[in-house]
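Chemist: The structure under discussion is supplied below as structure tokens; questions concerning it will follow.
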Amino acid sequence: MNSAPVSTIVSDQPFVLAGRTYQSRLLVGTGKYRDLEQTRLAIEASGAEIVTVAVRRTNIGQNPCEPNLLDVLPPDRYTILPNTAGCFDAIEAVRTCRLARELLNGHNLVKLEVLADQKTLFPNVIETLKAAEVLVKEGFDVMVYTSDDPIIARQLGEMGCIAVMPLAGLIGSGLGICNPYNLRIILEEAKVPVLVDAGVGTASDASIAMELGCAAVLMNSAIANAQNPVLMAQAMNHAVIAGRMAYLAGRMPKKLYASASSPLSGLIN
């Protein structure tokens, strides 16, 4: 007798952002690749439907004489998520989002990140809150990179951000999930999707984030800096799916002592 398809066994909520449903829970960045062709191949291999673009560092039409990222990642195939990477205050971040909306014909979905310094790339929470308040009032759908502080994450959700994106580790560090306990608190209190953003280094990190209950994972360096980015993109695709399925399945409880898989009663002497 054939087993039932996975779709009939696993009951999951759809992944929805700004009113649109996505099949993939992996979001990927577009920086650090060797060239646009490698970018295209890696993103195809990842299965991602949402790609984030640093507006201040990447040409998406503002420089007509230069290669345009949208030629290899067309908006009719991918949801383009412009981000404010490289911004260190609220004014810069808001200006960058306005530019992105103009370049992308009224596109309102943005990833807000306001950084504190060049060394850590840690979020500047005060400036992030200022920028988020302005952008939400202007009608942007704001996904926001933030610290793993549960109080700040809650405030950003209450403010009207459509997703909060706490770091798992410093941007580009590959350190993995450094503080799963804070993430668990954020997830327990969240009224909007929670996505891990920054710190993922390999497939197991992505799986752990999903097993904790995150709605999705966003990454760039883990794929782009791998020795084989295309192969790593495939690995991340599988890792996110496996982690989500494990979360839905519910892991067995941890025990201090052994527990036999087979019953001990009725043993043949």
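Residue numbering restarts at 1 in every chain; chains get A, B, ... in the order shown in the structure tokens, and ligands count up from 1 in that same order.
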Could you give me, as a compact mmCIF listing (two decimals) with C-alpha atoms, in the first residue's frame, the residues within 10 Å of Leu73 of chain A, counting only C-alpha atoms and dropping anything in the same chain fewer than 2 positions from it?
Modeler:
# COMPACT_ATOMS: atom_id res chain seq x y z
CA THR A 30 22.27 39.16 -4.63
CA LEU A 36 25.70 38.23 -12.83
CA THR A 39 24.13 35.20 -9.39
CA ARG A 40 21.46 33.91 -11.74
CA ILE A 43 19.39 31.98 -7.18
CA GLU A 44 17.73 29.55 -9.56
CA VAL A 51 15.54 38.25 -3.79
CA ASN A 68 21.29 45.78 -14.72
CA LEU A 69 20.61 43.05 -12.16
CA LEU A 70 16.99 42.94 -13.27
CA ASP A 71 18.11 41.61 -16.66
CA PRO A 75 10.64 41.18 -11.62
CA ASP A 76 8.03 39.12 -13.45
CA ARG A 77 9.74 35.99 -12.09
CA TYR A 78 11.06 37.16 -8.73
CA THR A 79 9.76 39.49 -6.06
CA ILE A 80 12.45 42.13 -5.75
Chemist: For Ser46 of chain A, list every protein, DNA or RNA residue within 7 Å, evaluated using only C-alpha atoms, and leave out those in the same chain fewer than 3 positions away; present the list as a VMD selection string.
Modeler: chain A and resid 42 to 43 233 to 234 236 to 237
Chemist: Generate a file of the selected residues that holds C-alpha atoms, formatted as a PDB file, in the first residue's frame.
Modeler:
ATOM      1  CA  ALA A  42      22.742  30.320  -7.632  1.00  0.00           C
ATOM      2  CA  ILE A  43      19.386  31.984  -7.176  1.00  0.00           C
ATOM      3  CA  ALA A 233      22.132  27.202  -2.808  1.00  0.00           C
ATOM      4  CA  GLN A 234      20.622  23.786  -3.464  1.00  0.00           C
ATOM      5  CA  MET A 236      19.977  25.662   1.592  1.00  0.00           C
ATOM      6  CA  ASN A 237      16.795  24.973  -0.347  1.00  0.00           C
TER       7      ASN A 237
END
Chemist: Which residues, written as a PyMOL selection string, have at least one atom at most 9 Å from Ile223 of chain A, with only C-alpha atoms counted and residues fewer than 6 positions away on the same chain left out?
Modeler: chain A and resi 28-29+33+42+201-202+229-233+236
Chemist: Please save C-alpha atoms of the selected residues as a PDB file, in the first residue's frame.
Modeler:
ATOM      1  CA  VAL A  28      18.343  35.216  -0.803  1.00  0.00           C
ATOM      2  CA  GLY A  29      20.592  38.200  -1.390  1.00  0.00           C
ATOM      3  CA  TYR A  33      28.821  36.747  -6.429  1.00  0.00           C
ATOM      4  CA  ALA A  42      22.742  30.320  -7.632  1.00  0.00           C
ATOM      5  CA  GLY A 201      26.824  29.823   7.527  1.00  0.00           C
ATOM      6  CA  THR A 202      25.711  26.405   6.351  1.00  0.00           C
ATOM      7  CA  PRO A 229      27.686  28.744  -4.495  1.00  0.00           C
ATOM      8  CA  VAL A 230      25.266  26.914  -6.774  1.00  0.00           C
ATOM      9  CA  LEU A 231      25.603  23.665  -4.834  1.00  0.00           C
ATOM     10  CA  MET A 232      25.278  25.494  -1.513  1.00  0.00           C
ATOM     11  CA  ALA A 233      22.132  27.202  -2.808  1.00  0.00           C
ATOM     12  CA  MET A 236      19.977  25.662   1.592  1.00  0.00           C
TER      13      MET A 236
END
Chemist: What's the 10 Å shell around Ile126 of chain A, counting only C-alpha atoms, without same-chain residues fewer than 6 positions away, as a ChimeraX atom specification?
Modeler: /A:89-90,114,116,152
Chemist: Nearest residue to Leu115 of chain A out of A:Gly31, A:Gly172, A:Gly139, A:Gly86, using only C-alpha atoms?
Modeler: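 Checking each candidate against Leu115 of chain A, we get A:Gly86 as the closest.
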Chemist: What's the 9 Å shell around Leu183 of chain A, counting only C-alpha atoms, without same-chain residues fewer than 2 positions away, as an MDAnalysis selection string?
Modeler: chainID A and resid 148:150 166 168 177 179:181 185:188 194 196 209 212 214
Chemist: Any chance you could list, as number ranges by chain, the residues in segment 76-234 of chain A that come up alpha helix (DSSP H) when DSSP is run on the backbone?
Modeler: A: 90-103, 125-137, 150-159, 180-189, 203-212, 221-224, 229-234
Chemist: Using DSSP secondary structure from the backbone, list all strand (DSSP E or B) positions within segment 124-161 of chain A, as a list in words.
Modeler: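 DSSP on the backbone gives strand (DSSP E or B) at Asp141, Val142, Met143, Val144, Tyr145 and Thr146 of chain A.
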Chemist: Can you write out the residues you just picked, keeping all heavy atoms, as a PDB file, in the first residue's frame?
Modeler:
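The resulting file, selection-v6.pdb, is reproduced below:
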ATOM      1  N   ASP A 141       5.517  48.502   2.811  1.00  0.00           N
ATOM      2  CA  ASP A 141       5.433  47.216   3.504  1.00  0.00           C
ATOM      3  C   ASP A 141       6.844  46.899   3.997  1.00  0.00           C
ATOM      4  O   ASP A 141       7.715  46.501   3.216  1.00  0.00           O
ATOM      5  CB  ASP A 141       4.930  46.123   2.562  1.00  0.00           C
ATOM      6  CG  ASP A 141       3.505  46.386   2.096  1.00  0.00           C
ATOM      7  OD1 ASP A 141       2.659  46.719   2.939  1.00  0.00           O
ATOM      8  OD2 ASP A 141       3.241  46.257   0.877  1.00  0.00           O
ATOM      9  N   VAL A 142       7.067  47.085   5.276  1.00  0.00           N
ATOM     10  CA  VAL A 142       8.419  47.088   5.827  1.00  0.00           C
ATOM     11  C   VAL A 142       8.756  45.752   6.489  1.00  0.00           C
ATOM     12  O   VAL A 142       8.105  45.333   7.453  1.00  0.00           O
ATOM     13  CB  VAL A 142       8.592  48.225   6.852  1.00  0.00           C
ATOM     14  CG1 VAL A 142      10.017  48.248   7.389  1.00  0.00           C
ATOM     15  CG2 VAL A 142       8.239  49.572   6.223  1.00  0.00           C
ATOM     16  N   MET A 143       9.783  45.092   5.962  1.00  0.00           N
ATOM     17  CA  MET A 143      10.418  43.961   6.623  1.00  0.00           C
ATOM     18  C   MET A 143      11.678  44.521   7.261  1.00  0.00           C
ATOM     19  O   MET A 143      12.479  45.169   6.585  1.00  0.00           O
ATOM     20  CB  MET A 143      10.749  42.866   5.607  1.00  0.00           C
ATOM     21  CG  MET A 143       9.538  42.370   4.842  1.00  0.00           C
ATOM     22  SD  MET A 143       9.971  41.222   3.511  1.00  0.00           S
ATOM     23  CE  MET A 143      10.613  39.833   4.464  1.00  0.00           C
ATOM     24  N   VAL A 144      11.879  44.268   8.549  1.00  0.00           N
ATOM     25  CA  VAL A 144      12.893  45.045   9.252  1.00  0.00           C
ATOM     26  C   VAL A 144      13.943  44.159   9.924  1.00  0.00           C
ATOM     27  O   VAL A 144      13.625  43.273  10.711  1.00  0.00           O
ATOM     28  CB  VAL A 144      12.236  46.007  10.270  1.00  0.00           C
ATOM     29  CG1 VAL A 144      11.339  45.276  11.248  1.00  0.00           C
ATOM     30  CG2 VAL A 144      13.270  46.845  11.001  1.00  0.00           C
ATOM     31  N   TYR A 145      15.199  44.430   9.592  1.00  0.00           N
ATOM     32  CA  TYR A 145      16.359  43.803  10.232  1.00  0.00           C
ATOM     33  C   TYR A 145      16.556  44.444  11.593  1.00  0.00           C
ATOM     34  O   TYR A 145      16.597  45.670  11.716  1.00  0.00           O
ATOM     35  CB  TYR A 145      17.586  44.015   9.343  1.00  0.00           C
ATOM     36  CG  TYR A 145      18.926  43.697   9.975  1.00  0.00           C
ATOM     37  CD1 TYR A 145      19.263  42.389  10.313  1.00  0.00           C
ATOM     38  CD2 TYR A 145      19.864  44.704  10.200  1.00  0.00           C
ATOM     39  CE1 TYR A 145      20.503  42.096  10.886  1.00  0.00           C
ATOM     40  CE2 TYR A 145      21.106  44.423  10.756  1.00  0.00           C
ATOM     41  CZ  TYR A 145      21.416  43.120  11.099  1.00  0.00           C
ATOM     42  OH  TYR A 145      22.642  42.836  11.657  1.00  0.00           O
ATOM     43  N   THR A 146      16.680  43.596  12.613  1.00  0.00           N
ATOM     44  CA  THR A 146      16.783  44.137  13.965  1.00  0.00           C
ATOM     45  C   THR A 146      17.655  43.243  14.832  1.00  0.00           C
ATOM     46  O   THR A 146      18.099  42.175  14.416  1.00  0.00           O
ATOM     47  CB  THR A 146      15.380  44.300  14.592  1.00  0.00           C
ATOM     48  OG1 THR A 146      15.488  44.907  15.874  1.00  0.00           O
ATOM     49  CG2 THR A 146      14.668  42.965  14.720  1.00  0.00           C
TER      50      THR A 146
END
Chemist: Name all residues at most 12 Å from Val16 of chain A (count only C-alpha atoms; drop same-chain ones fewer than 6 positions away) and give them as a list in words.
Modeler: Tyr22, Gln23, Ser24, Arg25, Ile50, Ile162, Ala163, Val192, Pro193, Val194, Ala215 and Ala216 of chain A
